[in-house]
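Trainee: Here you go, this is my_file.pdb (PDB, C-alpha atoms and all ligand atoms).
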ATOM      1  CA  MET A 246     -14.432 -13.492  21.868
ATOM      2  CA  SER A 247     -14.562 -16.329  24.336
ATOM      3  CA  ALA A 248     -11.582 -17.270  26.471
ATOM      4  CA  THR A 249     -11.318 -20.532  24.555
ATOM      5  CA  GLY A 250     -11.248 -18.667  21.259
ATOM      6  CA  GLY A 251      -8.464 -16.424  22.491
ATOM      7  CA  ILE A 252      -6.349 -19.308  23.729
ATOM      8  CA  SER A 253      -6.849 -21.252  20.524
ATOM      9  CA  ALA A 254      -5.902 -18.225  18.485
ATOM     10  CA  SER A 255      -2.838 -17.452  20.567
ATOM     11  CA  LEU A 256      -1.616 -21.021  20.235
ATOM     12  CA  GLY A 257      -2.076 -20.804  16.507
ATOM     13  CA  ILE A 258      -4.325 -23.845  16.297
ATOM     14  CA  TRP A 259      -5.400 -22.740  12.859
ATOM     15  CA  ARG A 260      -1.784 -23.075  11.805
ATOM     16  CA  TYR A 261      -1.554 -26.524  13.397
ATOM     17  CA  ASN A 262      -4.551 -27.654  11.390
ATOM     18  CA  ALA A 263      -3.177 -26.179   8.174
ATOM     19  CA  LEU A 264       0.201 -27.845   8.728
ATOM     20  CA  TRP A 265      -1.444 -31.189   9.489
ATOM     21  CA  ILE A 266      -3.525 -31.050   6.339
ATOM     22  CA  THR A 267      -0.616 -29.865   4.193
ATOM     23  CA  PHE A 268       2.432 -31.660   5.562
ATOM     24  CA  GLY A 269       1.157 -34.411   7.856
ATOM     25  CA  ILE A 270       3.136 -35.366  10.939
ATOM     26  CA  GLY A 271       6.299 -33.591   9.719
ATOM     27  CA  GLY A 272       4.491 -30.275   9.627
ATOM     28  CA  VAL A 273       3.065 -30.794  13.100
ATOM     29  CA  VAL A 274       6.497 -31.674  14.519
ATOM     30  CA  ALA A 275       7.998 -28.583  12.885
ATOM     31  CA  TYR A 276       5.203 -26.491  14.369
ATOM     32  CA  PHE A 277       5.989 -27.606  17.911
ATOM     33  CA  ILE A 278       9.740 -27.313  17.398
ATOM     34  CA  HIS A 279       9.299 -23.642  16.500
ATOM     35  CA  PHE A 280       8.247 -23.018  20.108
ATOM     36  CA  ILE A 281      11.826 -23.881  21.112
ATOM     37  CA  TYR A 282      13.055 -21.088  18.886
ATOM     38  CA  ILE A 283      12.342 -18.194  21.219
ATOM     39  CA  ILE A 284      14.591 -15.168  21.146
ATOM     40  CA  MET A 285      14.661 -11.710  22.670
ATOM     41  CA  ILE A 286      13.245  -9.108  20.331
ATOM     42  CA  SER A 287      13.635  -5.399  21.070
ATOM     43  CA  PHE A 288      11.510  -2.610  19.709
ATOM     44  CA  LYS A 289       9.548   0.422  20.859
ATOM     45  CA  VAL A 290       5.899   0.378  21.790
ATOM     46  CA  ASN A 291       4.164   3.691  22.346
ATOM     47  CA  HIS A 292       7.564   5.427  22.472
ATOM     48  CA  ARG A 293       8.960   3.121  25.170
ATOM     49  CA  PRO A 294      11.626   0.469  24.532
ATOM     50  CA  VAL A 295      10.521  -3.100  25.211
ATOM     51  CA  ASP A 296      12.266  -6.478  25.127
ATOM     52  CA  VAL A 297      10.148  -9.583  24.629
ATOM     53  CA  ASP A 298      11.064 -13.263  24.586
ATOM     54  CA  ALA A 299       9.074 -14.648  21.697
ATOM     55  CA  SER A 300       9.194 -16.854  18.666
ATOM     56  CA  PRO A 301      10.074 -14.568  15.728
ATOM     57  CA  ASP A 302       6.951 -15.618  13.872
ATOM     58  CA  MET A 303       4.581 -14.968  16.774
ATOM     59  CA  PRO A 304       1.935 -12.507  15.585
ATOM     60  CA  LEU A 305       2.561  -8.990  16.863
ATOM     61  CA  LEU A 306      -1.034  -8.933  18.125
ATOM     62  CA  TRP A 307      -0.367 -11.665  20.676
ATOM     63  CA  VAL A 308       2.921 -10.101  21.742
ATOM     64  CA  LEU A 309       1.100  -6.832  22.418
ATOM     65  CA  ARG A 310      -1.831  -8.443  24.209
ATOM     66  CA  ASP A 311      -0.347 -11.477  25.952
ATOM     67  CA  LEU A 312       3.246 -10.482  26.629
ATOM     68  CA  LEU A 313       2.914  -6.712  27.063
ATOM     69  CA  GLY A 314      -0.625  -6.489  28.435
ATOM     70  CA  LEU A 315      -1.772  -3.944  25.850
ATOM     71  CA  THR A 316      -5.272  -5.294  25.370
ATOM     72  CA  GLY A 317      -6.672  -2.271  23.536
ATOM     73  CA  THR A 318      -5.760  -3.948  20.258
ATOM     74  CA  LYS A 319      -8.356  -6.625  19.518
ATOM     75  CA  PHE A 320      -8.526  -9.993  17.792
ATOM     76  CA  GLY A 321     -11.402 -10.254  15.359
ATOM     77  CA  CYS A 322     -10.948 -12.458  12.329
ATOM     78  CA  GLY A 323      -7.229 -13.275  12.283
ATOM     79  CA  VAL A 324      -7.157 -13.160   8.481
ATOM     80  CA  VAL A 325      -6.752  -9.461   7.553
ATOM     81  CA  GLN A 326     -10.459  -8.881   7.029
ATOM     82  CA  CYS A 327     -11.855  -6.897   9.963
ATOM     83  CA  GLY A 328      -9.097  -4.472  11.009
ATOM     84  CA  ALA A 329      -9.739  -4.808  14.753
ATOM     85  CA  CYS A 330      -6.046  -5.583  15.270
ATOM     86  CA  THR A 331      -4.716  -2.495  13.468
ATOM     87  CA  VAL A 332      -1.627  -0.820  14.928
ATOM     88  CA  HIS A 333       1.009   1.431  13.424
ATOM     89  CA  LEU A 334       4.434   0.110  12.515
ATOM     90  CA  ASN A 335       6.699   3.087  11.858
ATOM     91  CA  GLY A 336       3.595   5.200  11.244
ATOM     92  CA  GLU A 337       2.020   2.797   8.787
ATOM     93  CA  ALA A 338      -1.168   0.921   9.654
ATOM     94  CA  VAL A 339      -0.627  -2.844   9.735
ATOM     95  CA  ARG A 340      -2.824  -5.765  10.722
ATOM     96  CA  SER A 341      -1.028  -7.121  13.762
ATOM     97  CA  CYS A 342      -2.823 -10.496  13.555
ATOM     98  CA  VAL A 343      -0.645 -11.425  10.572
ATOM     99  CA  THR A 344       2.424  -9.286  11.263
ATOM    100  CA  ARG A 345       5.276 -11.323  12.698
ATOM    101  CA  VAL A 346       6.888  -9.765  15.737
ATOM    102  CA  SER A 347      10.273 -10.141  14.036
ATOM    103  CA  ARG A 348       9.131  -7.420  11.623
ATOM    104  CA  ALA A 349       8.893  -5.009  14.571
ATOM    105  CA  ALA A 350      12.475  -5.607  15.731
ATOM    106  CA  GLY A 351      14.203  -2.252  16.077
ATOM    107  CA  GLN A 352      11.064  -0.479  14.884
ATOM    108  CA  GLU A 353       8.385   1.718  16.473
ATOM    109  CA  VAL A 354       4.931   0.321  17.179
ATOM    110  CA  LEU A 355       2.017   2.553  18.140
ATOM    111  CA  THR A 356      -1.138   1.067  19.643
ATOM    112  CA  VAL A 357      -4.398   2.743  20.599
ATOM    113  CA  GLU A 358      -3.030   3.132  24.137
ATOM    114  CA  GLY A 359      -0.302   5.364  22.726
ATOM    115  CA  LEU A 360      -2.501   7.499  20.515
ATOM    116  CA  SER A 361      -2.698  10.157  23.242
ATOM    117  CA  ALA A 362      -1.728  10.463  26.868
ATOM    118  CA  ASN A 363      -5.110  11.686  28.114
ATOM    119  CA  ASN A 364      -7.609  10.381  25.571
ATOM    120  CA  ASP A 365      -7.532  13.823  23.969
ATOM    121  CA  HIS A 366      -6.421  12.862  20.490
ATOM    122  CA  PRO A 367      -8.688  14.753  18.047
ATOM    123  CA  LEU A 368     -10.011  11.458  16.717
ATOM    124  CA  GLN A 369     -10.850  10.232  20.214
ATOM    125  CA  LEU A 370     -12.668  13.503  20.922
ATOM    126  CA  ALA A 371     -14.580  13.239  17.639
ATOM    127  CA  TRP A 372     -15.388   9.566  18.394
ATOM    128  CA  ALA A 373     -16.931  10.532  21.725
ATOM    129  CA  GLU A 374     -18.723  13.613  20.411
ATOM    130  CA  LEU A 375     -20.312  11.732  17.518
ATOM    131  CA  ASP A 376     -21.019   8.610  19.596
ATOM    132  CA  VAL A 377     -19.148   6.414  17.143
ATOM    133  CA  PRO A 378     -18.232   3.388  19.282
ATOM    134  CA  GLN A 379     -21.501   1.365  19.280
ATOM    135  CA  CYS A 380     -20.369  -1.960  20.803
ATOM    136  CA  GLY A 381     -16.814  -0.622  20.849
ATOM    137  CA  TYR A 382     -15.009  -3.870  20.116
ATOM    138  CA  CYS A 383     -13.343  -2.780  16.892
ATOM    139  CA  GLN A 384     -13.038   0.938  17.578
ATOM    140  CA  SER A 385      -9.342   0.771  18.428
ATOM    141  CA  GLY A 386      -8.683  -0.602  14.947
ATOM    142  CA  GLN A 387     -10.927   2.047  13.415
ATOM    143  CA  LEU A 388      -9.108   4.785  15.337
ATOM    144  CA  MET A 389      -5.697   3.544  14.250
ATOM    145  CA  SER A 390      -6.815   3.266  10.613
ATOM    146  CA  ALA A 391      -8.307   6.766  10.721
ATOM    147  CA  ALA A 392      -5.144   8.139  12.335
ATOM    148  CA  GLU A 393      -3.093   6.783   9.460
ATOM    149  CA  LEU A 394      -5.562   8.139   6.915
ATOM    150  CA  LEU A 395      -5.246  11.623   8.442
ATOM    151  CA  ARG A 396      -1.483  11.504   8.680
ATOM    152  CA  GLY A 397      -0.131  14.846   7.557
ATOM    153  CA  PHE A 398      -2.972  16.799   9.150
ATOM    154  CA  ASP A 399      -2.558  18.569  12.480
ATOM    155  CA  LEU A 400      -3.556  15.872  14.968
ATOM    156  CA  SER A 401      -1.952  17.333  18.052
ATOM    157  CA  PRO A 402      -3.917  16.772  21.294
ATOM    158  CA  GLY A 403      -6.778  19.218  21.665
ATOM    159  CA  THR A 404      -7.161  19.898  17.938
ATOM    160  CA  ARG A 405     -10.783  19.777  16.846
ATOM    161  CA  PHE A 406     -12.166  19.002  13.429
ATOM    162  CA  SER A 407     -14.896  21.300  12.179
TER
HETATM  163  S1  LIG B   1      -8.029  -9.617  13.529
HETATM  164 FE1  LIG B   1      -9.193  -9.082  11.759
HETATM  165  S2  LIG B   1      -7.720  -8.110  10.482
HETATM  166 FE2  LIG B   1      -6.546  -8.790  12.182
END
Would you mind writing the file out in C-alpha cells?

Mentor:
Amino acid sequence: MSATGGISASLGIWRYNALWITFGIGGVVAYFIHFIYIIMISFKVNHRPVDVDASPDMPLLWVLRDLLGLTGTKFGCGVVQCGACTVHLNGEAVRSCVTRVSRAAGQEVLTVEGLSANNDHPLQLAWAELDVPQCGYCQSGQLMSAAELLRGFDLSPGTRFS
C-alpha cells in the first residue's frame, strides 16, 4: 500500500465520501466534529495494558498501527474481504479494519506480535517450514485466523504439528 493510500484510509476518506453522498454538508460537518470527540480508551494488547486517546469509532486497526506502532497487522481492503487486518478480541478473530476501538475497551486484544515471544508459535514454525509466506503481506492475518481455528489444540511454544 502506498503512503497516500494509508493516510487516506486512516483519515477515513471513504467515510467522508459516503457521508457527502448520503447526507450532504451536514454529514461532512458531523464527520469533522467527531474528531473533537476523543477520549481515553483502556484495554490490553498482547497482555499489556494500554491507554489510547482516540475517537471511539476509530478502527482498531489504525489504533494498533498508528497509535501503538504495532504494524504487523495490515490494511488490505478495509471492507472485511481480505482478512489482512485480523486480530483476536478476547480470543475471537475479528477484522480490525471495521472494529471500532470502543469495542476493545476493557478487553484483551492479541496481534501477530503477541502470538509468541520468540517467533516459536507452532503456526509460525509450520509457516516457515512449509514456506507459506510468499509475498508475506497478509500472512499476519492468515496466522491469526489459523490460530483461532486451532483454538482448543495444544499451541504452546515449541509444539510441532505432524
Ligand atoms: S483490511 Fe481486508 S478485511 Fe480488514

Trainee: Which residues match the PyMOL selection byres (((chain A and resi 352-358) around 8) and not hetatm) in the file above, as a list in words?

Mentor: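 Taken over the shown coordinates, the PyMOL selection byres (((chain A and resi 352-358) around 8) and not hetatm) returns Phe288, Lys289, Val290, Asn291, His292, Leu315, Gly317, Thr318, Thr331, Val332, His333, Leu334, Asn335, Gly336, Arg348, Ala349, Ala350, Gly351, Gly359, Leu360, Ser361, Ala362, Ser385, Gly386, Leu388 and Met389 of chain A.
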
Trainee: Convert the current residue selection to file output with C-alpha atoms, as a PDB file, in the frame of the given file.

Mentor:
ATOM      1  CA  PHE A 288      11.510  -2.610  19.709  1.00  0.00           C
ATOM      2  CA  LYS A 289       9.548   0.422  20.859  1.00  0.00           C
ATOM      3  CA  VAL A 290       5.899   0.378  21.790  1.00  0.00           C
ATOM      4  CA  ASN A 291       4.164   3.691  22.346  1.00  0.00           C
ATOM      5  CA  HIS A 292       7.564   5.427  22.472  1.00  0.00           C
ATOM      6  CA  LEU A 315      -1.772  -3.944  25.850  1.00  0.00           C
ATOM      7  CA  GLY A 317      -6.672  -2.271  23.536  1.00  0.00           C
ATOM      8  CA  THR A 318      -5.760  -3.948  20.258  1.00  0.00           C
ATOM      9  CA  THR A 331      -4.716  -2.495  13.468  1.00  0.00           C
ATOM     10  CA  VAL A 332      -1.627  -0.820  14.928  1.00  0.00           C
ATOM     11  CA  HIS A 333       1.009   1.431  13.424  1.00  0.00           C
ATOM     12  CA  LEU A 334       4.434   0.110  12.515  1.00  0.00           C
ATOM     13  CA  ASN A 335       6.699   3.087  11.858  1.00  0.00           C
ATOM     14  CA  GLY A 336       3.595   5.200  11.244  1.00  0.00           C
ATOM     15  CA  ARG A 348       9.131  -7.420  11.623  1.00  0.00           C
ATOM     16  CA  ALA A 349       8.893  -5.009  14.571  1.00  0.00           C
ATOM     17  CA  ALA A 350      12.475  -5.607  15.731  1.00  0.00           C
ATOM     18  CA  GLY A 351      14.203  -2.252  16.077  1.00  0.00           C
ATOM     19  CA  GLY A 359      -0.302   5.364  22.726  1.00  0.00           C
ATOM     20  CA  LEU A 360      -2.501   7.499  20.515  1.00  0.00           C
ATOM     21  CA  SER A 361      -2.698  10.157  23.242  1.00  0.00           C
ATOM     22  CA  ALA A 362      -1.728  10.463  26.868  1.00  0.00           C
ATOM     23  CA  SER A 385      -9.342   0.771  18.428  1.00  0.00           C
ATOM     24  CA  GLY A 386      -8.683  -0.602  14.947  1.00  0.00           C
ATOM     25  CA  LEU A 388      -9.108   4.785  15.337  1.00  0.00           C
ATOM     26  CA  MET A 389      -5.697   3.544  14.250  1.00  0.00           C
TER      27      MET A 389
END

Trainee: Please find the residues contacting ligand LIG 1 (chain B) at a distance of at most 12 Å between atoms, with all atoms listed in the file counted, and report them as JSON, numbers by chain.

Mentor: {"A": [246, 251, 254, 255, 304, 305, 306, 307, 318, 319, 320, 321, 322, 323, 324, 325, 326, 327, 328, 329, 330, 331, 332, 338, 339, 340, 341, 342, 343, 344, 382, 383, 385, 386, 387, 390]}

Trainee: Every residue with an atom at most 8 Å from (9.6, -18.6, 20.0) (file coordinates; only C-alpha atoms) is what I'm after, so could you write them as a short mmCIF file (atom, residue, chain, number, x, y, z; two decimals) with C-alpha atoms, in the coordinates of the input?

Mentor:
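Written output follows (point-v6.cif):
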data_model
loop_
_atom_site.label_atom_id
_atom_site.label_comp_id
_atom_site.auth_asym_id
_atom_site.auth_seq_id
_atom_site.Cartn_x
_atom_site.Cartn_y
_atom_site.Cartn_z
CA HIS A 279 9.30 -23.64 16.50
CA PHE A 280 8.25 -23.02 20.11
CA ILE A 281 11.83 -23.88 21.11
CA TYR A 282 13.06 -21.09 18.89
CA ILE A 283 12.34 -18.19 21.22
CA ILE A 284 14.59 -15.17 21.15
CA ASP A 298 11.06 -13.26 24.59
CA ALA A 299 9.07 -14.65 21.70
CA SER A 300 9.19 -16.85 18.67
CA PRO A 301 10.07 -14.57 15.73
CA ASP A 302 6.95 -15.62 13.87
CA MET A 303 4.58 -14.97 16.77
#

Trainee: Work out how far atom CA of A:Val297 is from atom CA of A:Asp311, in Å to one decimal.

Mentor: 10.7 Å

Trainee: Counting only C-alpha atoms, what are the residues of stretch 261-377 of chain A within 6 Å of stretch 392-406 of chain A, and for each of them which pair of atoms is the nearest and at what distance in Å, to one decimal? Sort the table by chain and rising number, as JSON lines.

Mentor:
{"residue": "A:Asp365", "atom": "CA", "partner": "A:Pro402", "partner_atom": "CA", "distance": 5.4}
{"residue": "A:His366", "atom": "CA", "partner": "A:Pro402", "partner_atom": "CA", "distance": 4.7}
{"residue": "A:Pro367", "atom": "CA", "partner": "A:Thr404", "partner_atom": "CA", "distance": 5.4}

Trainee: Can you tell me how far atom CA of A:Gly381 sits from atom CA of A:Val346, in Å to one decimal?

Mentor: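 Pair atom CA of A:Gly381 / atom CA of A:Val346 returns 25.9 Å.
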
Trainee: Which of these residues is nearest to A:Ser347, using all atoms listed in the file: A:Leu309, A:Val377, A:Met285, A:Ala391?

Mentor: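 The closest residue to A:Ser347 is A:Met285.
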
Trainee: Find the distance between atom CA of A:Thr316 and atom CA of A:Leu370 and write it in Å to one decimal.

Mentor: 20.7 Å
